[in-house]
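K.L.:
So here's work01.pdb, just PDB, C-alpha atoms:
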```pdb
ATOM      1  CA  PHE A  10     208.395  39.035 -23.515  1.00  0.00           C
ATOM      2  CA  SER A  11     204.838  37.876 -22.779  1.00  0.00           C
ATOM      3  CA  LEU A  12     206.154  34.922 -20.777  1.00  0.00           C
ATOM      4  CA  GLN A  13     208.187  37.325 -18.636  1.00  0.00           C
ATOM      5  CA  HIS A  14     205.087  39.453 -18.080  1.00  0.00           C
ATOM      6  CA  LEU A  15     203.107  36.394 -16.952  1.00  0.00           C
ATOM      7  CA  LYS A  16     205.564  35.937 -14.078  1.00  0.00           C
ATOM      8  CA  LEU A  17     204.243  39.181 -12.571  1.00  0.00           C
ATOM      9  CA  GLY A  18     200.837  37.584 -11.968  1.00  0.00           C
ATOM     10  CA  ARG A  19     199.684  36.402  -8.569  1.00  0.00           C
ATOM     11  CA  ARG A  20     198.094  33.134  -9.715  1.00  0.00           C
ATOM     12  CA  ASP A  21     199.938  29.870 -10.258  1.00  0.00           C
ATOM     13  CA  ARG A  22     198.104  28.980 -13.474  1.00  0.00           C
ATOM     14  CA  ARG A  23     199.211  31.111 -16.376  1.00  0.00           C
ATOM     15  CA  THR A  24     197.790  31.226 -19.882  1.00  0.00           C
ATOM     16  CA  LEU A  25     199.061  32.938 -22.992  1.00  0.00           C
ATOM     17  CA  VAL A  26     196.754  33.385 -25.985  1.00  0.00           C
ATOM     18  CA  LEU A  27     198.961  33.907 -29.013  1.00  0.00           C
ATOM     19  CA  VAL A  28     197.392  35.331 -32.182  1.00  0.00           C
ATOM     20  CA  SER A  29     199.935  35.156 -34.971  1.00  0.00           C
ATOM     21  CA  ASP A  30     200.820  33.818 -38.380  1.00  0.00           C
ATOM     22  CA  GLY A  31     203.845  32.111 -36.761  1.00  0.00           C
ATOM     23  CA  GLY A  32     206.228  33.927 -39.093  1.00  0.00           C
ATOM     24  CA  ASP A  33     209.367  35.635 -37.908  1.00  0.00           C
ATOM     25  CA  ASN A  34     209.497  39.303 -38.818  1.00  0.00           C
ATOM     26  CA  SER A  35     212.952  40.193 -37.469  1.00  0.00           C
ATOM     27  CA  SER A  36     212.312  39.006 -33.916  1.00  0.00           C
ATOM     28  CA  ILE A  37     214.861  39.332 -31.157  1.00  0.00           C
ATOM     29  CA  HIS A  38     214.293  35.684 -30.159  1.00  0.00           C
ATOM     30  CA  GLY A  39     214.477  32.848 -32.699  1.00  0.00           C
ATOM     31  CA  ASP A  40     212.202  29.807 -32.881  1.00  0.00           C
ATOM     32  CA  ASP A  41     214.512  27.590 -30.812  1.00  0.00           C
ATOM     33  CA  ASP A  42     214.784  30.212 -28.077  1.00  0.00           C
ATOM     34  CA  VAL A  43     210.997  30.612 -27.943  1.00  0.00           C
ATOM     35  CA  ARG A  44     210.529  26.816 -27.718  1.00  0.00           C
ATOM     36  CA  ARG A  45     213.055  26.625 -24.872  1.00  0.00           C
ATOM     37  CA  ARG A  46     211.359  29.467 -23.006  1.00  0.00           C
ATOM     38  CA  ILE A  47     207.969  27.746 -23.333  1.00  0.00           C
ATOM     39  CA  LEU A  48     209.470  24.525 -21.962  1.00  0.00           C
ATOM     40  CA  GLU A  49     210.958  26.437 -19.019  1.00  0.00           C
ATOM     41  CA  SER A  50     207.726  28.269 -18.241  1.00  0.00           C
ATOM     42  CA  ARG A  51     204.606  27.044 -16.487  1.00  0.00           C
ATOM     43  CA  ALA A  52     202.362  28.800 -19.013  1.00  0.00           C
ATOM     44  CA  THR A  53     199.760  27.089 -21.157  1.00  0.00           C
ATOM     45  CA  VAL A  54     199.788  28.490 -24.687  1.00  0.00           C
ATOM     46  CA  TYR A  55     196.742  28.699 -26.936  1.00  0.00           C
ATOM     47  CA  ALA A  56     197.798  29.596 -30.471  1.00  0.00           C
ATOM     48  CA  ILE A  57     195.395  31.122 -32.962  1.00  0.00           C
ATOM     49  CA  GLY A  58     196.849  31.111 -36.460  1.00  0.00           C
ATOM     50  CA  ILE A  59     195.485  33.815 -38.712  1.00  0.00           C
ATOM     51  CA  HIS A  60     197.396  33.951 -41.949  1.00  0.00           C
ATOM     52  CA  ASP A  61     197.166  34.165 -45.682  1.00  0.00           C
ATOM     53  CA  GLU A  62     197.960  30.771 -47.224  1.00  0.00           C
ATOM     54  CA  ALA A  63     200.102  32.553 -49.821  1.00  0.00           C
ATOM     55  CA  ASP A  64     202.293  34.221 -47.156  1.00  0.00           C
ATOM     56  CA  PRO A  65     205.748  32.607 -47.388  1.00  0.00           C
ATOM     57  CA  GLU A  66     206.641  33.696 -43.825  1.00  0.00           C
ATOM     58  CA  ARG A  67     203.730  31.905 -42.122  1.00  0.00           C
ATOM     59  CA  ASN A  68     204.715  29.083 -39.794  1.00  0.00           C
ATOM     60  CA  PRO A  69     201.671  27.185 -38.486  1.00  0.00           C
ATOM     61  CA  ALA A  70     203.911  24.270 -37.449  1.00  0.00           C
ATOM     62  CA  LEU A  71     205.619  26.497 -34.873  1.00  0.00           C
ATOM     63  CA  LEU A  72     202.270  27.647 -33.464  1.00  0.00           C
ATOM     64  CA  ARG A  73     201.082  24.029 -33.244  1.00  0.00           C
ATOM     65  CA  GLN A  74     204.266  22.947 -31.482  1.00  0.00           C
ATOM     66  CA  LEU A  75     204.237  25.792 -28.924  1.00  0.00           C
ATOM     67  CA  ALA A  76     200.651  24.995 -27.984  1.00  0.00           C
ATOM     68  CA  ARG A  77     201.203  21.218 -27.853  1.00  0.00           C
ATOM     69  CA  VAL A  78     204.319  21.225 -25.648  1.00  0.00           C
ATOM     70  CA  SER A  79     202.651  23.616 -23.185  1.00  0.00           C
ATOM     71  CA  GLY A  80     199.422  21.613 -22.880  1.00  0.00           C
ATOM     72  CA  GLY A  81     197.348  24.136 -24.803  1.00  0.00           C
ATOM     73  CA  GLN A  82     195.639  23.982 -28.165  1.00  0.00           C
ATOM     74  CA  SER A  83     196.240  25.442 -31.581  1.00  0.00           C
ATOM     75  CA  PHE A  84     193.601  26.773 -33.932  1.00  0.00           C
ATOM     76  CA  LEU A  85     195.163  27.172 -37.362  1.00  0.00           C
ATOM     77  CA  GLY A  86     193.909  28.720 -40.584  1.00  0.00           C
ATOM     78  CA  VAL A  87     191.276  30.609 -38.619  1.00  0.00           C
ATOM     79  CA  GLN A  88     188.819  32.895 -40.362  1.00  0.00           C
ATOM     80  CA  LEU A  89     188.010  36.113 -38.506  1.00  0.00           C
ATOM     81  CA  SER A  90     184.345  35.084 -38.290  1.00  0.00           C
ATOM     82  CA  ALA A  91     185.339  32.068 -36.135  1.00  0.00           C
ATOM     83  CA  LEU A  92     187.469  34.070 -33.694  1.00  0.00           C
ATOM     84  CA  THR A  93     184.722  34.735 -31.129  1.00  0.00           C
ATOM     85  CA  GLY A  94     183.799  31.046 -30.902  1.00  0.00           C
ATOM     86  CA  ILE A  95     187.434  30.037 -30.485  1.00  0.00           C
ATOM     87  CA  CYS A  96     187.908  32.589 -27.696  1.00  0.00           C
ATOM     88  CA  HIS A  97     184.829  31.208 -25.908  1.00  0.00           C
ATOM     89  CA  GLN A  98     186.259  27.686 -26.260  1.00  0.00           C
ATOM     90  CA  ILE A  99     189.605  28.800 -24.817  1.00  0.00           C
ATOM     91  CA  ALA A 100     187.873  30.587 -21.913  1.00  0.00           C
ATOM     92  CA  THR A 101     185.850  27.450 -21.119  1.00  0.00           C
ATOM     93  CA  ASP A 102     188.996  25.339 -21.240  1.00  0.00           C
ATOM     94  CA  ILE A 103     190.800  27.688 -18.850  1.00  0.00           C
ATOM     95  CA  ARG A 104     187.920  27.628 -16.351  1.00  0.00           C
ATOM     96  CA  THR A 105     187.461  23.846 -16.402  1.00  0.00           C
ATOM     97  CA  ARG A 106     191.012  22.553 -16.304  1.00  0.00           C
ATOM     98  CA  TYR A 107     192.584  20.714 -13.411  1.00  0.00           C
ATOM     99  CA  THR A 108     196.108  20.955 -12.122  1.00  0.00           C
ATOM    100  CA  ILE A 109     198.119  17.860 -11.254  1.00  0.00           C
ATOM    101  CA  GLY A 110     201.436  18.493  -9.574  1.00  0.00           C
ATOM    102  CA  TYR A 111     204.469  16.543  -8.520  1.00  0.00           C
ATOM    103  CA  VAL A 112     208.017  17.209  -7.430  1.00  0.00           C
ATOM    104  CA  PRO A 113     210.550  15.858  -9.933  1.00  0.00           C
ATOM    105  CA  VAL A 114     213.412  13.757  -8.661  1.00  0.00           C
ATOM    106  CA  ARG A 115     216.806  15.164  -9.477  1.00  0.00           C
ATOM    107  CA  SER A 116     218.890  12.302 -10.736  1.00  0.00           C
ATOM    108  CA  GLY A 117     222.540  12.183 -11.666  1.00  0.00           C
ATOM    109  CA  ASP A 118     221.808  12.112 -15.394  1.00  0.00           C
ATOM    110  CA  HIS A 119     221.462  15.939 -15.610  1.00  0.00           C
ATOM    111  CA  ARG A 120     219.060  15.766 -18.561  1.00  0.00           C
ATOM    112  CA  PRO A 121     217.338  19.146 -18.674  1.00  0.00           C
ATOM    113  CA  LEU A 122     214.414  18.016 -20.875  1.00  0.00           C
ATOM    114  CA  ARG A 123     211.861  15.826 -19.112  1.00  0.00           C
ATOM    115  CA  ARG A 124     209.020  14.052 -20.951  1.00  0.00           C
ATOM    116  CA  ILE A 125     205.493  13.802 -19.531  1.00  0.00           C
ATOM    117  CA  LYS A 126     202.709  11.330 -20.272  1.00  0.00           C
ATOM    118  CA  VAL A 127     199.412  11.462 -18.388  1.00  0.00           C
ATOM    119  CA  THR A 128     196.581   8.982 -18.893  1.00  0.00           C
ATOM    120  CA  ALA A 129     193.174   9.015 -17.243  1.00  0.00           C
ATOM    121  CA  SER A 130     190.283   6.609 -17.032  1.00  0.00           C
ATOM    122  CA  ALA A 131     186.812   6.792 -15.545  1.00  0.00           C
ATOM    123  CA  SER A 132     184.570   4.154 -14.083  1.00  0.00           C
ATOM    124  CA  GLY A 133     181.861   2.977 -16.427  1.00  0.00           C
ATOM    125  CA  GLY A 134     184.097   3.062 -19.474  1.00  0.00           C
ATOM    126  CA  HIS A 135     183.726   6.781 -20.122  1.00  0.00           C
ATOM    127  CA  ASN A 136     186.383   8.192 -22.384  1.00  0.00           C
ATOM    128  CA  LEU A 137     188.402  11.023 -20.885  1.00  0.00           C
ATOM    129  CA  ALA A 138     190.461  13.459 -22.903  1.00  0.00           C
ATOM    130  CA  VAL A 139     193.730  14.551 -21.338  1.00  0.00           C
ATOM    131  CA  ARG A 140     195.673  17.491 -22.654  1.00  0.00           C
ATOM    132  CA  THR A 141     198.920  18.175 -20.883  1.00  0.00           C
ATOM    133  CA  ARG A 142     202.426  19.393 -21.451  1.00  0.00           C
ATOM    134  CA  THR A 143     204.478  16.903 -23.432  1.00  0.00           C
ATOM    135  CA  SER A 144     207.747  17.912 -21.775  1.00  0.00           C
ATOM    136  CA  TYR A 145     209.414  20.539 -19.634  1.00  0.00           C
ATOM    137  CA  VAL A 146     212.860  21.750 -18.688  1.00  0.00           C
ATOM    138  CA  LEU A 147     213.869  21.118 -15.098  1.00  0.00           C
ATOM    139  CA  PRO A 148     215.051  24.444 -13.678  1.00  0.00           C
ATOM    140  CA  PRO A 149     218.520  24.476 -12.167  1.00  0.00           C
ATOM    141  CA  ASN A 150     218.762  23.633  -8.499  1.00  0.00           C
ATOM    142  CA  ARG A 151     219.282  26.849  -6.562  1.00  0.00           C
ATOM    143  CA  ASP A 152     222.195  25.227  -4.759  1.00  0.00           C
ATOM    144  CA  ASP A 153     223.884  24.094  -8.002  1.00  0.00           C
ATOM    145  CA  GLY A 154     224.860  27.474  -9.451  1.00  0.00           C
ATOM    146  CA  PRO A 155     228.402  28.810  -9.419  1.00  0.00           C
ATOM    147  CA  GLY A 156     229.237  30.873  -6.392  1.00  0.00           C
ATOM    148  CA  ARG A 157     226.206  29.621  -4.482  1.00  0.00           C
ATOM    149  CA  LYS A 158     226.704  28.322  -0.991  1.00  0.00           C
ATOM    150  CA  ARG A 159     224.539  25.674   0.584  1.00  0.00           C
ATOM    151  CA  GLY A 160     222.597  26.512   3.698  1.00  0.00           C
ATOM    152  CA  LEU A 161     222.305  30.262   3.055  1.00  0.00           C
TER
END
```
Translate the structure of the given file into structure tokens.
P.N.:
Amino acid sequence: FSLQHLKLGRRDRRTLVLVSDGGDNSSIHGDDDVRRRILESRATVYAIGIHDEADPERNPALLRQLARVSGGQSFLGVQLSALTGICHQIATDIRTRYTIGYVPVRSGDHRPLRRIKVTASASGGHNLAVRTRTSYVLPPNRDDGPGRKRGL
């Protein structure tokens, strides 16, 4: 539901800060559906995992995966005392990130999942850290749907 709400924004860059234990407490959407929706969205997810280690419903792996595939970060096993520092780190990351764009080529293979790998280097041998989406789902071509007519 948060991803749908992000679509109402006026900015192209969208960020979702998710504070959760990762467990499913009778959700409407299952894990696979949430993963697919993250892959289809343009949102960057930052996941903050606050949970009791003894909680059998916790799922830090899901939080880690949602953040990783979206190009965000996960902070797992967080103590409440560290929350302010993590939020400052996320805010800094949001303000200092760059956007690289491209238009994907639609090929005849019709694979919906596309993988991404970005590398960066700097003159002088400086190490650069790149955090990006690992994959995305190519949205359907507007002209490909049933009942759609080309040229309208």
K.L.:
Hey, what comes out of the PyMOL selection byres ((chain A and resi 38-48) around 8) on this file? Could you write it as a PyMOL selection string?
P.N.:
chain A and resi 12+33+36-37+49-52+71+75+78-79+144-146
K.L.:
Please report the interatomic distance between CA of His14 (chain A) and CA of Thr108 (chain A) in Å with one decimal.
P.N.:
21.4 Å
K.L.:
Name every residue that the PyMOL selection byres ((chain A and resi 102) around 12) selects in this structure, writing the answer as an mmCIF file with C-alpha atoms, in the coordinates of the input with chains first and numbers rising.
P.N.:
```cif
data_model
loop_
_atom_site.group_PDB
_atom_site.id
_atom_site.type_symbol
_atom_site.label_atom_id
_atom_site.label_comp_id
_atom_site.auth_asym_id
_atom_site.auth_seq_id
_atom_site.Cartn_x
_atom_site.Cartn_y
_atom_site.Cartn_z
ATOM 1 C CA THR A 24 197.790 31.226 -19.882
ATOM 2 C CA THR A 53 199.760 27.089 -21.157
ATOM 3 C CA VAL A 54 199.788 28.490 -24.687
ATOM 4 C CA TYR A 55 196.742 28.699 -26.936
ATOM 5 C CA GLY A 80 199.422 21.613 -22.880
ATOM 6 C CA GLY A 81 197.348 24.136 -24.803
ATOM 7 C CA GLN A 82 195.639 23.982 -28.165
ATOM 8 C CA ILE A 95 187.434 30.037 -30.485
ATOM 9 C CA CYS A 96 187.908 32.589 -27.696
ATOM 10 C CA HIS A 97 184.829 31.208 -25.908
ATOM 11 C CA GLN A 98 186.259 27.686 -26.260
ATOM 12 C CA ILE A 99 189.605 28.800 -24.817
ATOM 13 C CA ALA A 100 187.873 30.587 -21.913
ATOM 14 C CA THR A 101 185.850 27.450 -21.119
ATOM 15 C CA ILE A 103 190.800 27.688 -18.850
ATOM 16 C CA ARG A 104 187.920 27.628 -16.351
ATOM 17 C CA THR A 105 187.461 23.846 -16.402
ATOM 18 C CA ARG A 106 191.012 22.553 -16.304
ATOM 19 C CA TYR A 107 192.584 20.714 -13.411
ATOM 20 C CA VAL A 139 193.730 14.551 -21.338
ATOM 21 C CA ARG A 140 195.673 17.491 -22.654
#
```
K.L.:
Residues within 9 Å of region 65-69 of chain A, please, as a PDB file with C-alpha atoms, keeping the file's coordinate frame. Count only C-alpha atoms; anything in the same chain fewer than 2 positions from it doesn't count.
P.N.:
```pdb
ATOM      1  CA  SER A  29     199.935  35.156 -34.971  1.00  0.00           C
ATOM      2  CA  ASP A  30     200.820  33.818 -38.380  1.00  0.00           C
ATOM      3  CA  GLY A  31     203.845  32.111 -36.761  1.00  0.00           C
ATOM      4  CA  GLY A  32     206.228  33.927 -39.093  1.00  0.00           C
ATOM      5  CA  ASP A  33     209.367  35.635 -37.908  1.00  0.00           C
ATOM      6  CA  ASN A  34     209.497  39.303 -38.818  1.00  0.00           C
ATOM      7  CA  GLY A  58     196.849  31.111 -36.460  1.00  0.00           C
ATOM      8  CA  HIS A  60     197.396  33.951 -41.949  1.00  0.00           C
ATOM      9  CA  ASP A  61     197.166  34.165 -45.682  1.00  0.00           C
ATOM     10  CA  GLU A  62     197.960  30.771 -47.224  1.00  0.00           C
ATOM     11  CA  ALA A  63     200.102  32.553 -49.821  1.00  0.00           C
ATOM     12  CA  LEU A  71     205.619  26.497 -34.873  1.00  0.00           C
ATOM     13  CA  LEU A  72     202.270  27.647 -33.464  1.00  0.00           C
ATOM     14  CA  ARG A  73     201.082  24.029 -33.244  1.00  0.00           C
ATOM     15  CA  GLN A  74     204.266  22.947 -31.482  1.00  0.00           C
ATOM     16  CA  SER A  83     196.240  25.442 -31.581  1.00  0.00           C
ATOM     17  CA  LEU A  85     195.163  27.172 -37.362  1.00  0.00           C
ATOM     18  CA  GLY A  86     193.909  28.720 -40.584  1.00  0.00           C
TER      19      GLY A  86
END
```
K.L.:
Could you check how far CA of Val26 (chain A) sits from CA of Thr93 (chain A), in Å to one decimal?
P.N.:
13.2 Å
K.L.:
Neighbourhood query: residues within 9 Å of (210.1, 14.3, -18.4), file coordinates, counting only C-alpha atoms; return as a ChimeraX atom specification.
P.N.:
/A:113,121-126,143-147
K.L.:
What separation in Å, quoted to one decimal, exists between CA of Thr141 (chain A) and CA of Arg22 (chain A)?
P.N.:
13.1 Å
K.L.:
Padding of 5 Å on every side, edges along x, y and z, all listed atoms of region 93-106 of chain A included: what centre and edge lengths in Å, to one decimal, does that box have, as AutoDock Vina command-line options?
P.N.:
```
--center_x 187.4 --center_y 28.6 --center_z -23.7 --size_x 17.2 --size_y 22.2 --size_z 24.8
```
